[in-house]
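I have placed the structure first, in the form of structure tokens, so that the comments after it can refer back to it.
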Amino acid sequence: MSSSAQLPRSLTTAQARSKLGQIIRRASGENKERFLIGLRGGPQAVVVGLEDYLGLLAPVVNPLMAEFHAYSVAHGGDKITMDEIDAEIAAYRAEQRALNAESLCSS
């Protein structure tokens, strides 16, 4: 029996610290195991592999979102910097403020 087969799926923090590398390998491995880490007798955290975690965050791809993503990539949206995004947001907000001020003046 290998040492990884002896590691329980529910661990104390002390066990998790001493076996962290093994836990990570098993969580990110083929079987995508999950580990419950307890502290002071109660469950406090879960360790899962990255692919498993991402699958939990977005388990179903919305077809419309996939279409938006493909359009964005095709038009260079995946290469825009945070500074460019901030500038775009600032320009939009300035435009909205000007429109709001204009509508208040014409009322």
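Labels used: A, B, ... for chains in the order of the structure tokens, numbers from 1 for residues in each chain, and numbers from 1 for ligands as shown.
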
Which residues come within 8 Å of region 37-51 of chain A, counting only C-alpha atoms, excluding same-chain residues fewer than 6 positions away, as an MDAnalysis selection string?
-> chainID A and resid 10:13 16 23:24 27:29

For the residues in the current selection, export N, CA and C atoms as an mmCIF file, in the first residue's frame.
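The result, written out as out_22.cif:
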```cif
data_model
loop_
_atom_site.group_PDB
_atom_site.id
_atom_site.type_symbol
_atom_site.label_atom_id
_atom_site.label_comp_id
_atom_site.auth_asym_id
_atom_site.auth_seq_id
_atom_site.Cartn_x
_atom_site.Cartn_y
_atom_site.Cartn_z
ATOM 1 N N SER A 10 -10.013 13.521 5.632
ATOM 2 C CA SER A 10 -10.294 14.494 6.671
ATOM 3 C C SER A 10 -9.052 14.581 7.546
ATOM 4 N N LEU A 11 -8.487 15.793 7.664
ATOM 5 C CA LEU A 11 -7.206 15.951 8.334
ATOM 6 C C LEU A 11 -7.248 17.071 9.365
ATOM 7 N N THR A 12 -6.379 16.971 10.332
ATOM 8 C CA THR A 12 -6.164 18.091 11.247
ATOM 9 C C THR A 12 -5.189 19.048 10.575
ATOM 10 N N THR A 13 -5.070 20.252 11.101
ATOM 11 C CA THR A 13 -4.113 21.198 10.523
ATOM 12 C C THR A 13 -2.684 20.694 10.651
ATOM 13 N N ALA A 16 -2.184 18.196 7.902
ATOM 14 C CA ALA A 16 -2.140 18.886 6.613
ATOM 15 C C ALA A 16 -0.791 19.570 6.396
ATOM 16 N N ILE A 23 -0.865 16.176 -0.293
ATOM 17 C CA ILE A 23 -2.254 16.616 -0.438
ATOM 18 C C ILE A 23 -2.429 17.344 -1.769
ATOM 19 N N ILE A 24 -1.515 18.237 -2.092
ATOM 20 C CA ILE A 24 -1.593 18.985 -3.350
ATOM 21 C C ILE A 24 -1.521 18.052 -4.544
ATOM 22 N N ALA A 27 -4.822 16.205 -4.739
ATOM 23 C CA ALA A 27 -5.939 17.080 -5.094
ATOM 24 C C ALA A 27 -5.880 17.482 -6.564
ATOM 25 N N SER A 28 -4.680 17.656 -7.098
ATOM 26 C CA SER A 28 -4.538 18.059 -8.495
ATOM 27 C C SER A 28 -4.325 16.872 -9.426
ATOM 28 N N GLY A 29 -4.294 15.676 -8.876
ATOM 29 C CA GLY A 29 -4.053 14.477 -9.679
ATOM 30 C C GLY A 29 -5.265 14.015 -10.460
#
```

Taking the DSSP assignment computed from this structure's backbone, write out as a PyMOL selection string all residues of region 17-104 of chain A that belong to strand (DSSP E).
-> chain A and resi 35-39+42-47

Keeping N, CA and C atoms, export the residues of the selection given above as a short mmCIF file (atom, residue, chain, number, x, y, z; two decimals), in the first residue's frame.
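As a result, part.cif now contains:
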```cif
data_model
loop_
_atom_site.label_atom_id
_atom_site.label_comp_id
_atom_site.auth_asym_id
_atom_site.auth_seq_id
_atom_site.Cartn_x
_atom_site.Cartn_y
_atom_site.Cartn_z
N PHE A 35 -9.90 17.43 0.26
CA PHE A 35 -9.51 17.20 1.64
C PHE A 35 -10.14 18.24 2.54
N LEU A 36 -10.72 17.77 3.62
CA LEU A 36 -11.31 18.63 4.64
C LEU A 36 -10.30 18.82 5.75
N ILE A 37 -9.98 20.08 6.05
CA ILE A 37 -9.00 20.38 7.09
C ILE A 37 -9.75 20.91 8.30
N GLY A 38 -9.50 20.28 9.45
CA GLY A 38 -10.18 20.68 10.68
C GLY A 38 -9.26 21.40 11.64
N LEU A 39 -9.85 22.26 12.43
CA LEU A 39 -9.12 22.99 13.45
C LEU A 39 -9.98 23.01 14.70
N GLY A 42 -13.37 21.04 14.53
CA GLY A 42 -14.39 21.34 13.53
C GLY A 42 -13.80 21.61 12.17
N PRO A 43 -14.55 21.33 11.11
CA PRO A 43 -14.05 21.59 9.75
C PRO A 43 -13.89 23.09 9.51
N GLN A 44 -12.78 23.47 8.89
CA GLN A 44 -12.48 24.89 8.66
C GLN A 44 -12.14 25.22 7.21
N ALA A 45 -11.62 24.27 6.47
CA ALA A 45 -11.19 24.56 5.10
C ALA A 45 -11.26 23.30 4.25
N VAL A 46 -11.28 23.51 2.94
CA VAL A 46 -11.26 22.40 1.99
C VAL A 46 -10.12 22.65 1.02
N VAL A 47 -9.36 21.61 0.72
CA VAL A 47 -8.30 21.71 -0.27
C VAL A 47 -8.75 20.93 -1.50
#
```

Filtered DSSP result for chain A, state alpha helix (DSSP H), as number ranges by chain | A: 13-18, 20-28, 50-57, 63-74, 82-105

Work out how far apart CA of Gly77 (chain A) and CA of Ala90 (chain A) are and give it in Å to one decimal.
->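 Atom-to-atom, CA of Gly77 (chain A) and CA of Ala90 (chain A) are spaced 17.6 Å apart.
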
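When CA of Arg34 (chain A) is paired with CA of Gln15 (chain A), their separation reads 14.7 Å.
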